[in-house]
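File shown here: my_file-v1.pdb, holding PDB, C-alpha atoms, pLDDT in the B column.
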ATOM      1  CA  MET A 246       0.000   0.000   0.000  1.00 48.00           C
ATOM      2  CA  SER A 247       1.109   3.485  -0.715  1.00 47.00           C
ATOM      3  CA  ALA A 248       1.521   5.475   2.483  1.00 49.00           C
ATOM      4  CA  ASP A 249       0.306   8.606   0.702  1.00 50.00           C
ATOM      5  CA  THR A 250      -2.859   7.337  -0.963  1.00 51.00           C
ATOM      6  CA  GLY A 251      -3.710   4.076   0.791  1.00 58.00           C
ATOM      7  CA  ARG A 252      -3.929   2.392  -2.632  1.00 60.00           C
ATOM      8  CA  PRO A 253      -1.982  -0.738  -3.537  1.00 68.00           C
ATOM      9  CA  LEU A 254       1.391  -0.058  -5.109  1.00 67.00           C
ATOM     10  CA  ARG A 255       1.911  -0.719  -8.818  1.00 80.00           C
ATOM     11  CA  ALA A 256       3.963  -3.843  -9.534  1.00 84.00           C
ATOM     12  CA  ASP A 257       7.074  -1.840 -10.466  1.00 85.00           C
ATOM     13  CA  ALA A 258       6.769   0.350  -7.382  1.00 84.00           C
ATOM     14  CA  ARG A 259       6.360  -2.758  -5.206  1.00 87.00           C
ATOM     15  CA  ARG A 260       9.496  -4.295  -6.785  1.00 92.00           C
ATOM     16  CA  ASN A 261      11.449  -1.070  -6.203  1.00 92.00           C
ATOM     17  CA  ARG A 262      10.332  -0.995  -2.569  1.00 93.00           C
ATOM     18  CA  GLU A 263      11.445  -4.605  -2.069  1.00 93.00           C
ATOM     19  CA  LYS A 264      14.816  -3.901  -3.710  1.00 95.00           C
ATOM     20  CA  ILE A 265      15.320  -0.879  -1.456  1.00 96.00           C
ATOM     21  CA  LEU A 266      14.471  -2.866   1.680  1.00 95.00           C
ATOM     22  CA  SER A 267      16.806  -5.717   0.752  1.00 93.00           C
ATOM     23  CA  ALA A 268      19.629  -3.308  -0.028  1.00 94.00           C
ATOM     24  CA  ALA A 269      19.000  -1.419   3.215  1.00 92.00           C
ATOM     25  CA  VAL A 270      19.398  -4.578   5.298  1.00 89.00           C
ATOM     26  CA  ARG A 271      22.696  -5.394   3.563  1.00 88.00           C
ATOM     27  CA  VAL A 272      24.126  -1.883   3.718  1.00 89.00           C
ATOM     28  CA  PHE A 273      23.065  -1.114   7.305  1.00 85.00           C
ATOM     29  CA  ALA A 274      24.476  -4.497   8.379  1.00 81.00           C
ATOM     30  CA  GLU A 275      27.806  -3.643   6.696  1.00 82.00           C
ATOM     31  CA  GLU A 276      28.119   0.030   7.595  1.00 82.00           C
ATOM     32  CA  GLY A 277      25.814   0.616  10.548  1.00 77.00           C
ATOM     33  CA  LEU A 278      24.085   3.895  11.125  1.00 76.00           C
ATOM     34  CA  GLU A 279      26.663   5.791   9.044  1.00 82.00           C
ATOM     35  CA  ALA A 280      25.457   4.113   5.845  1.00 85.00           C
ATOM     36  CA  HIS A 281      24.674   6.613   3.109  1.00 91.00           C
ATOM     37  CA  LEU A 282      21.137   6.404   1.775  1.00 93.00           C
ATOM     38  CA  GLU A 283      22.469   7.170  -1.701  1.00 94.00           C
ATOM     39  CA  ARG A 284      24.488   3.929  -1.538  1.00 94.00           C
ATOM     40  CA  ILE A 285      21.341   2.031  -0.597  1.00 95.00           C
ATOM     41  CA  ALA A 286      19.525   3.545  -3.579  1.00 96.00           C
ATOM     42  CA  LYS A 287      22.427   2.635  -5.873  1.00 95.00           C
ATOM     43  CA  GLU A 288      22.584  -0.950  -4.515  1.00 95.00           C
ATOM     44  CA  ALA A 289      18.841  -1.230  -5.090  1.00 95.00           C
ATOM     45  CA  GLY A 290      19.156   0.092  -8.641  1.00 95.00           C
ATOM     46  CA  VAL A 291      16.823   3.032  -8.017  1.00 95.00           C
ATOM     47  CA  GLY A 292      17.262   6.773  -7.837  1.00 94.00           C
ATOM     48  CA  SER A 293      17.490   8.697  -4.586  1.00 93.00           C
ATOM     49  CA  GLY A 294      14.090  10.231  -5.296  1.00 93.00           C
ATOM     50  CA  THR A 295      12.500   6.784  -5.382  1.00 93.00           C
ATOM     51  CA  LEU A 296      14.109   5.901  -2.055  1.00 95.00           C
ATOM     52  CA  TYR A 297      12.982   9.130  -0.382  1.00 93.00           C
ATOM     53  CA  ARG A 298       9.490   8.879  -1.871  1.00 92.00           C
ATOM     54  CA  ASN A 299       9.116   5.481  -0.188  1.00 92.00           C
ATOM     55  CA  PHE A 300      11.070   6.282   2.985  1.00 94.00           C
ATOM     56  CA  PRO A 301      11.238   9.995   3.802  1.00 93.00           C
ATOM     57  CA  THR A 302      13.579   9.494   6.784  1.00 89.00           C
ATOM     58  CA  ARG A 303      16.461   7.198   7.661  1.00 87.00           C
ATOM     59  CA  GLU A 304      14.471   5.918  10.637  1.00 86.00           C
ATOM     60  CA  ALA A 305      11.485   5.065   8.417  1.00 90.00           C
ATOM     61  CA  LEU A 306      13.762   3.050   6.131  1.00 92.00           C
ATOM     62  CA  ILE A 307      15.437   1.196   9.008  1.00 89.00           C
ATOM     63  CA  GLU A 308      12.110   0.357  10.621  1.00 88.00           C
ATOM     64  CA  ALA A 309      10.589  -0.795   7.333  1.00 91.00           C
ATOM     65  CA  ALA A 310      13.642  -2.936   6.524  1.00 91.00           C
ATOM     66  CA  TYR A 311      13.453  -4.644   9.921  1.00 88.00           C
ATOM     67  CA  ARG A 312       9.704  -5.211   9.706  1.00 89.00           C
ATOM     68  CA  ASN A 313      10.090  -6.574   6.167  1.00 90.00           C
ATOM     69  CA  GLU A 314      12.653  -9.137   7.381  1.00 90.00           C
ATOM     70  CA  LEU A 315      10.295 -10.107  10.205  1.00 92.00           C
ATOM     71  CA  SER A 316       7.369 -10.439   7.812  1.00 93.00           C
ATOM     72  CA  ARG A 317       9.374 -12.586   5.391  1.00 93.00           C
ATOM     73  CA  LEU A 318      10.388 -14.892   8.242  1.00 95.00           C
ATOM     74  CA  CYS A 319       6.865 -15.303   9.561  1.00 95.00           C
ATOM     75  CA  GLU A 320       5.226 -15.731   6.151  1.00 96.00           C
ATOM     76  CA  ALA A 321       7.765 -18.438   5.297  1.00 97.00           C
ATOM     77  CA  ALA A 322       6.219 -20.820   7.847  1.00 97.00           C
ATOM     78  CA  SER A 323       3.041 -21.467   5.850  1.00 97.00           C
ATOM     79  CA  GLU A 324       4.917 -21.420   2.536  1.00 97.00           C
ATOM     80  CA  LEU A 325       7.383 -24.055   3.756  1.00 98.00           C
ATOM     81  CA  LEU A 326       4.622 -26.239   5.216  1.00 98.00           C
ATOM     82  CA  ALA A 327       2.852 -26.159   1.865  1.00 98.00           C
ATOM     83  CA  ALA A 328       6.019 -27.162   0.006  1.00 98.00           C
ATOM     84  CA  MET A 329       7.609 -29.885   2.157  1.00 98.00           C
ATOM     85  CA  PRO A 330       7.052 -32.336   5.011  1.00 97.00           C
ATOM     86  CA  PRO A 331       6.641 -30.668   8.439  1.00 97.00           C
ATOM     87  CA  ARG A 332      10.039 -31.686   9.859  1.00 96.00           C
ATOM     88  CA  GLU A 333      11.849 -30.401   6.759  1.00 97.00           C
ATOM     89  CA  ALA A 334       9.741 -27.237   6.845  1.00 98.00           C
ATOM     90  CA  LEU A 335      10.696 -26.657  10.475  1.00 97.00           C
ATOM     91  CA  ARG A 336      14.392 -27.131   9.718  1.00 97.00           C
ATOM     92  CA  ALA A 337      14.242 -24.810   6.700  1.00 97.00           C
ATOM     93  CA  TRP A 338      12.472 -22.170   8.810  1.00 98.00           C
ATOM     94  CA  MET A 339      15.119 -22.523  11.519  1.00 97.00           C
ATOM     95  CA  GLY A 340      17.722 -21.557   8.915  1.00 95.00           C
ATOM     96  CA  ARG A 341      15.634 -18.562   7.926  1.00 95.00           C
ATOM     97  CA  PHE A 342      15.382 -17.573  11.586  1.00 94.00           C
ATOM     98  CA  ILE A 343      19.188 -17.419  11.694  1.00 92.00           C
ATOM     99  CA  ASP A 344      19.132 -15.262   8.523  1.00 88.00           C
ATOM    100  CA  TYR A 345      16.650 -12.926  10.244  1.00 89.00           C
ATOM    101  CA  ALA A 346      18.696 -12.828  13.464  1.00 88.00           C
ATOM    102  CA  THR A 347      21.907 -12.171  11.521  1.00 84.00           C
ATOM    103  CA  ALA A 348      20.269  -9.240   9.727  1.00 83.00           C
ATOM    104  CA  LYS A 349      18.883  -7.928  13.013  1.00 82.00           C
ATOM    105  CA  LEU A 350      22.286  -8.179  14.720  1.00 80.00           C
ATOM    106  CA  GLY A 351      23.947  -6.455  11.777  1.00 77.00           C
ATOM    107  CA  MET A 352      21.420  -3.639  11.957  1.00 80.00           C
ATOM    108  CA  ALA A 353      21.615  -3.287  15.769  1.00 78.00           C
ATOM    109  CA  GLU A 354      23.119   0.214  15.754  1.00 78.00           C
ATOM    110  CA  ALA A 355      20.621   1.428  13.186  1.00 78.00           C
ATOM    111  CA  LEU A 356      17.706  -0.154  15.065  1.00 82.00           C
ATOM    112  CA  ARG A 357      18.834   1.536  18.303  1.00 81.00           C
ATOM    113  CA  ALA A 358      18.562   4.872  16.505  1.00 79.00           C
ATOM    114  CA  VAL A 359      14.978   4.049  15.566  1.00 80.00           C
ATOM    115  CA  VAL A 360      14.162   3.163  19.189  1.00 84.00           C
ATOM    116  CA  ASP A 361      15.837   6.415  20.314  1.00 84.00           C
ATOM    117  CA  SER A 362      13.528   8.318  17.939  1.00 80.00           C
ATOM    118  CA  GLY A 363      10.530   6.998  19.879  1.00 81.00           C
ATOM    119  CA  VAL A 364       9.506   4.130  17.592  1.00 78.00           C
ATOM    120  CA  ASN A 365       9.504   0.512  18.747  1.00 76.00           C
ATOM    121  CA  PRO A 366      10.256  -1.637  15.702  1.00 72.00           C
ATOM    122  CA  TYR A 367      10.151  -4.729  17.921  1.00 75.00           C
ATOM    123  CA  ALA A 368       6.504  -4.330  18.943  1.00 75.00           C
ATOM    124  CA  HIS A 369       4.801  -7.678  18.377  1.00 82.00           C
ATOM    125  CA  SER A 370       7.956  -9.305  16.945  1.00 88.00           C
ATOM    126  CA  ARG A 371       8.087 -12.105  19.500  1.00 89.00           C
ATOM    127  CA  GLU A 372       4.354 -12.767  19.167  1.00 92.00           C
ATOM    128  CA  LEU A 373       4.578 -13.024  15.360  1.00 94.00           C
ATOM    129  CA  ILE A 374       7.620 -15.293  15.501  1.00 95.00           C
ATOM    130  CA  MET A 375       5.977 -17.504  18.139  1.00 96.00           C
ATOM    131  CA  THR A 376       2.853 -17.866  15.972  1.00 97.00           C
ATOM    132  CA  ALA A 377       4.946 -18.998  12.995  1.00 97.00           C
ATOM    133  CA  LEU A 378       7.082 -21.346  15.101  1.00 97.00           C
ATOM    134  CA  THR A 379       4.014 -22.820  16.808  1.00 97.00           C
ATOM    135  CA  SER A 380       2.394 -23.628  13.465  1.00 98.00           C
ATOM    136  CA  LEU A 381       5.539 -25.419  12.302  1.00 98.00           C
ATOM    137  CA  MET A 382       5.977 -27.351  15.533  1.00 97.00           C
ATOM    138  CA  ASP A 383       2.279 -28.309  15.687  1.00 97.00           C
ATOM    139  CA  ALA A 384       2.470 -29.706  12.154  1.00 97.00           C
ATOM    140  CA  ALA A 385       5.677 -31.612  12.922  1.00 96.00           C
ATOM    141  CA  ARG A 386       4.163 -33.008  16.144  1.00 96.00           C
ATOM    142  CA  ALA A 387       0.996 -34.070  14.318  1.00 96.00           C
ATOM    143  CA  ALA A 388       3.174 -35.913  11.787  1.00 95.00           C
ATOM    144  CA  GLY A 389       5.026 -37.654  14.621  1.00 94.00           C
ATOM    145  CA  ALA A 390       8.278 -36.025  13.471  1.00 95.00           C
ATOM    146  CA  ILE A 391       9.203 -34.250  16.719  1.00 95.00           C
ATOM    147  CA  ARG A 392       8.654 -34.953  20.388  1.00 94.00           C
ATOM    148  CA  SER A 393       5.652 -33.433  22.085  1.00 93.00           C
ATOM    149  CA  ASP A 394       7.219 -32.230  25.338  1.00 94.00           C
ATOM    150  CA  VAL A 395       9.154 -29.238  23.935  1.00 94.00           C
ATOM    151  CA  SER A 396       7.188 -26.013  23.742  1.00 95.00           C
ATOM    152  CA  PRO A 397       7.614 -23.352  21.077  1.00 96.00           C
ATOM    153  CA  ALA A 398       8.890 -21.013  23.824  1.00 95.00           C
ATOM    154  CA  VAL A 399      11.720 -23.448  24.625  1.00 95.00           C
ATOM    155  CA  MET A 400      12.485 -23.865  20.930  1.00 96.00           C
ATOM    156  CA  PHE A 401      12.539 -20.085  20.482  1.00 94.00           C
ATOM    157  CA  ALA A 402      15.040 -19.842  23.356  1.00 94.00           C
ATOM    158  CA  ALA A 403      17.211 -22.504  21.699  1.00 95.00           C
ATOM    159  CA  LEU A 404      17.106 -20.707  18.337  1.00 95.00           C
ATOM    160  CA  THR A 405      17.940 -17.421  20.016  1.00 92.00           C
ATOM    161  CA  GLY A 406      20.908 -19.090  21.691  1.00 93.00           C
ATOM    162  CA  VAL A 407      22.159 -20.410  18.353  1.00 94.00           C
ATOM    163  CA  ALA A 408      21.752 -16.938  16.860  1.00 91.00           C
ATOM    164  CA  ILE A 409      23.700 -15.321  19.687  1.00 89.00           C
ATOM    165  CA  ALA A 410      26.452 -17.945  19.598  1.00 90.00           C
ATOM    166  CA  SER A 411      26.741 -18.193  15.810  1.00 85.00           C
ATOM    167  CA  GLY A 412      24.762 -15.346  14.275  1.00 76.00           C
ATOM    168  CA  LYS A 413      27.550 -13.707  12.330  1.00 80.00           C
ATOM    169  CA  PRO A 414      27.729 -14.478   8.605  1.00 79.00           C
ATOM    170  CA  GLU A 415      31.196 -16.019   8.975  1.00 86.00           C
ATOM    171  CA  GLU A 416      29.796 -18.420  11.607  1.00 88.00           C
ATOM    172  CA  ARG A 417      27.051 -19.792   9.379  1.00 88.00           C
ATOM    173  CA  GLU A 418      28.517 -23.293   9.113  1.00 93.00           C
ATOM    174  CA  GLN A 419      28.571 -23.601  12.904  1.00 94.00           C
ATOM    175  CA  ALA A 420      25.017 -22.239  13.102  1.00 93.00           C
ATOM    176  CA  GLU A 421      23.830 -24.900  10.646  1.00 94.00           C
ATOM    177  CA  ARG A 422      25.455 -27.650  12.737  1.00 95.00           C
ATOM    178  CA  LEU A 423      23.828 -26.277  15.889  1.00 95.00           C
ATOM    179  CA  LEU A 424      20.428 -26.137  14.154  1.00 95.00           C
ATOM    180  CA  ASP A 425      20.824 -29.769  13.079  1.00 95.00           C
ATOM    181  CA  LEU A 426      21.747 -30.722  16.643  1.00 95.00           C
ATOM    182  CA  THR A 427      18.733 -28.834  18.002  1.00 94.00           C
ATOM    183  CA  LEU A 428      16.392 -30.556  15.565  1.00 94.00           C
ATOM    184  CA  ASP A 429      17.947 -33.954  16.369  1.00 94.00           C
ATOM    185  CA  GLY A 430      17.154 -33.255  20.020  1.00 92.00           C
ATOM    186  CA  LEU A 431      13.499 -32.818  19.088  1.00 90.00           C
ATOM    187  CA  ARG A 432      13.446 -36.237  17.484  1.00 85.00           C
ATOM    188  CA  TYR A 433      13.983 -38.201  20.726  1.00 66.00           C
ATOM    189  CA  GLY A 434      10.706 -39.879  21.539  1.00 64.00           C
ATOM    190  CA  ALA A 435       9.091 -38.937  18.234  1.00 59.00           C
ATOM    191  CA  ALA A 436       7.553 -41.584  15.972  1.00 54.00           C
ATOM    192  CA  ASP A 437      10.478 -41.593  13.525  1.00 45.00           C
TER     193      ASP A 437
END
What would you get if you wrote out this structure as structure tokens?
Amino acid sequence: MSADTGRPLRADARRNREKILSAAVRVFAEEGLEAHLERIAKEAGVGSGTLYRNFPTREALIEAAYRNELSRLCEAASELLAAMPPREALRAWMGRFIDYATAKLGMAEALRAVVDSGVNPYAHSRELIMTALTSLMDAARAAGAIRSDVSPAVMFAALTGVAIASGKPEEREQAERLLDLTLDGLRYGAAD
């Protein structure tokens, strides 16, 4: 939706917005709060005017980039469940959670600036993530693919721990091993 008119964005405008948000996550993760918005526009392949038309302030761009990453993570749960068996969907989503956490950690300085401006980009984040994780775990439990005595809250804590311990891009291989170990721990007592 266009913030100005409330109408849906044209397809090209929607693509430009997505390109800007993806570039913003990358650039803010690399350069922090000092990132130049012109570089983000260039990385996205759009002009500065297009960037500022969509995001009139740095804080608006940072908040939108974070919320977009959160939305992509949460929407992936149903998409993955539709495309693969529940246990595989859960494991794939766990990898996406690490992608989300890595982006969030990379943008920490920029996100702090948004919070300092009086906006809470994290409002409802945990609730949305827990809803997605619960749907994945419920499906995997129903399929007999994971044990039934581990709650989504415990799993969220485990994923957060993996993200803290191995959330940097250069630690991705270790993160993947830890995710596999975590998922193997859910198998004990399951039907498989």
Who sits within 9 Å of Ser323 in chain A, only C-alpha atoms, same chain under 6 positions skipped, as a PyMOL selection string:
chain A and resi 334+377+380-381
Which residue, A:Ala358, A:Ala322, A:Ala420, A:Ile285, has the smallest gap to Val272 in chain A when you use all atoms listed in the file?
A:Ile285
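Going from CA of Ala268 in chain A to CA of Leu282 in chain A covers 10.0 Å.
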Contacts of Glu421 in chain A at 9 Å or less, counting all atoms listed in the file, minus same-chain residues fewer than 6 places along, as a list in words?
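That gives Gly340, Ile343 and Ser411 of chain A.
Distances here use all atoms listed in the file; by that measure, the residue among A:Glu275, A:Pro331, A:Ala408, A:Arg260 closest to Ala385 in chain A is A:Pro331.
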My list of candidates is A:Ser267, A:Thr427, A:Thr302, A:Asn261. Which is closest to Ser362 in chain A when distances are computed with all atoms listed in the file?
A:Thr302
Counting only C-alpha atoms, write as a VMD selection string all protein and nucleic acid residues lying at most 12 Å from (18.8, 0.3, 16.8) in the file's frame.
chain A and resid 273 to 274 277 to 278 303 to 304 307 to 308 310 to 311 348 to 367
Neighbour residues at most 12 Å from (8.0, -18.4, 17.0) (all atoms listed in the file) as a ChimeraX atom specification:
/A:315,318-322,335,338-339,341-342,369-383,396-405
For this file, the PyMOL selection byres ((chain A and resi 286-289) around 10) selects which residues, as a short mmCIF file (atom, residue, chain, number, x, y, z; two decimals) with C-alpha atoms, in the frame of the given file?
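Okay, this is what ended up in selection.cif:
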data_model
loop_
_atom_site.label_atom_id
_atom_site.label_comp_id
_atom_site.auth_asym_id
_atom_site.auth_seq_id
_atom_site.Cartn_x
_atom_site.Cartn_y
_atom_site.Cartn_z
CA ARG A 260 9.50 -4.30 -6.78
CA ASN A 261 11.45 -1.07 -6.20
CA ARG A 262 10.33 -1.00 -2.57
CA GLU A 263 11.44 -4.61 -2.07
CA LYS A 264 14.82 -3.90 -3.71
CA ILE A 265 15.32 -0.88 -1.46
CA LEU A 266 14.47 -2.87 1.68
CA SER A 267 16.81 -5.72 0.75
CA ALA A 268 19.63 -3.31 -0.03
CA ALA A 269 19.00 -1.42 3.22
CA ARG A 271 22.70 -5.39 3.56
CA VAL A 272 24.13 -1.88 3.72
CA HIS A 281 24.67 6.61 3.11
CA LEU A 282 21.14 6.40 1.78
CA GLU A 283 22.47 7.17 -1.70
CA ARG A 284 24.49 3.93 -1.54
CA ILE A 285 21.34 2.03 -0.60
CA GLY A 290 19.16 0.09 -8.64
CA VAL A 291 16.82 3.03 -8.02
CA GLY A 292 17.26 6.77 -7.84
CA SER A 293 17.49 8.70 -4.59
CA GLY A 294 14.09 10.23 -5.30
CA THR A 295 12.50 6.78 -5.38
CA LEU A 296 14.11 5.90 -2.06
CA TYR A 297 12.98 9.13 -0.38
#
Please compute the CA of Leu326 in chain A-CA of Ile391 in chain A distance, one decimal, in Å.
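Interatomic distance, CA of Leu326 in chain A to CA of Ile391 in chain A: 14.7 Å.
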Need a file for range 371-392 of chain A from that block: N, CA and C atoms, written as an mmCIF file, in the first residue's frame.
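The result, written out as selection08.cif:
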data_model
loop_
_atom_site.group_PDB
_atom_site.id
_atom_site.type_symbol
_atom_site.label_atom_id
_atom_site.label_comp_id
_atom_site.auth_asym_id
_atom_site.auth_seq_id
_atom_site.Cartn_x
_atom_site.Cartn_y
_atom_site.Cartn_z
ATOM 1 N N ARG A 371 8.054 -10.795 18.852
ATOM 2 C CA ARG A 371 8.087 -12.105 19.500
ATOM 3 C C ARG A 371 6.773 -12.853 19.259
ATOM 4 N N GLU A 372 5.674 -12.152 19.378
ATOM 5 C CA GLU A 372 4.354 -12.767 19.167
ATOM 6 C C GLU A 372 4.224 -13.329 17.744
ATOM 7 N N LEU A 373 4.655 -12.569 16.748
ATOM 8 C CA LEU A 373 4.578 -13.024 15.360
ATOM 9 C C LEU A 373 5.479 -14.231 15.117
ATOM 10 N N ILE A 374 6.697 -14.168 15.658
ATOM 11 C CA ILE A 374 7.620 -15.293 15.501
ATOM 12 C C ILE A 374 7.069 -16.533 16.202
ATOM 13 N N MET A 375 6.524 -16.361 17.399
ATOM 14 C CA MET A 375 5.977 -17.504 18.139
ATOM 15 C C MET A 375 4.796 -18.128 17.395
ATOM 16 N N THR A 376 3.980 -17.334 16.750
ATOM 17 C CA THR A 376 2.853 -17.866 15.972
ATOM 18 C C THR A 376 3.370 -18.726 14.820
ATOM 19 N N ALA A 377 4.374 -18.231 14.116
ATOM 20 C CA ALA A 377 4.946 -18.998 12.995
ATOM 21 C C ALA A 377 5.598 -20.283 13.497
ATOM 22 N N LEU A 378 6.392 -20.180 14.558
ATOM 23 C CA LEU A 378 7.082 -21.346 15.101
ATOM 24 C C LEU A 378 6.092 -22.372 15.640
ATOM 25 N N THR A 379 5.038 -21.912 16.286
ATOM 26 C CA THR A 379 4.014 -22.820 16.808
ATOM 27 C C THR A 379 3.345 -23.593 15.683
ATOM 28 N N SER A 380 3.046 -22.933 14.581
ATOM 29 C CA SER A 380 2.394 -23.628 13.465
ATOM 30 C C SER A 380 3.301 -24.718 12.906
ATOM 31 N N LEU A 381 4.574 -24.430 12.807
ATOM 32 C CA LEU A 381 5.539 -25.419 12.302
ATOM 33 C C LEU A 381 5.677 -26.592 13.269
ATOM 34 N N MET A 382 5.813 -26.288 14.546
ATOM 35 C CA MET A 382 5.977 -27.351 15.533
ATOM 36 C C MET A 382 4.704 -28.186 15.678
ATOM 37 N N ASP A 383 3.546 -27.561 15.621
ATOM 38 C CA ASP A 383 2.279 -28.309 15.687
ATOM 39 C C ASP A 383 2.172 -29.286 14.519
ATOM 40 N N ALA A 384 2.529 -28.833 13.335
ATOM 41 C CA ALA A 384 2.470 -29.706 12.154
ATOM 42 C C ALA A 384 3.461 -30.860 12.283
ATOM 43 N N ALA A 385 4.671 -30.560 12.761
ATOM 44 C CA ALA A 385 5.677 -31.612 12.922
ATOM 45 C C ALA A 385 5.273 -32.603 14.010
ATOM 46 N N ARG A 386 4.664 -32.106 15.097
ATOM 47 C CA ARG A 386 4.163 -33.008 16.144
ATOM 48 C C ARG A 386 3.048 -33.897 15.599
ATOM 49 N N ALA A 387 2.126 -33.311 14.876
ATOM 50 C CA ALA A 387 0.996 -34.070 14.318
ATOM 51 C C ALA A 387 1.490 -35.159 13.366
ATOM 52 N N ALA A 388 2.608 -34.923 12.705
ATOM 53 C CA ALA A 388 3.174 -35.913 11.787
ATOM 54 C C ALA A 388 4.048 -36.931 12.520
ATOM 55 N N GLY A 389 4.190 -36.754 13.845
ATOM 56 C CA GLY A 389 5.026 -37.654 14.621
ATOM 57 C C GLY A 389 6.512 -37.454 14.377
ATOM 58 N N ALA A 390 6.888 -36.278 13.857
ATOM 59 C CA ALA A 390 8.278 -36.025 13.471
ATOM 60 C C ALA A 390 9.121 -35.394 14.575
ATOM 61 N N ILE A 391 8.465 -34.817 15.580
ATOM 62 C CA ILE A 391 9.203 -34.250 16.719
ATOM 63 C C ILE A 391 8.489 -34.638 18.006
ATOM 64 N N ARG A 392 9.224 -34.601 19.091
ATOM 65 C CA ARG A 392 8.654 -34.953 20.388
ATOM 66 C C ARG A 392 7.635 -33.911 20.815
#
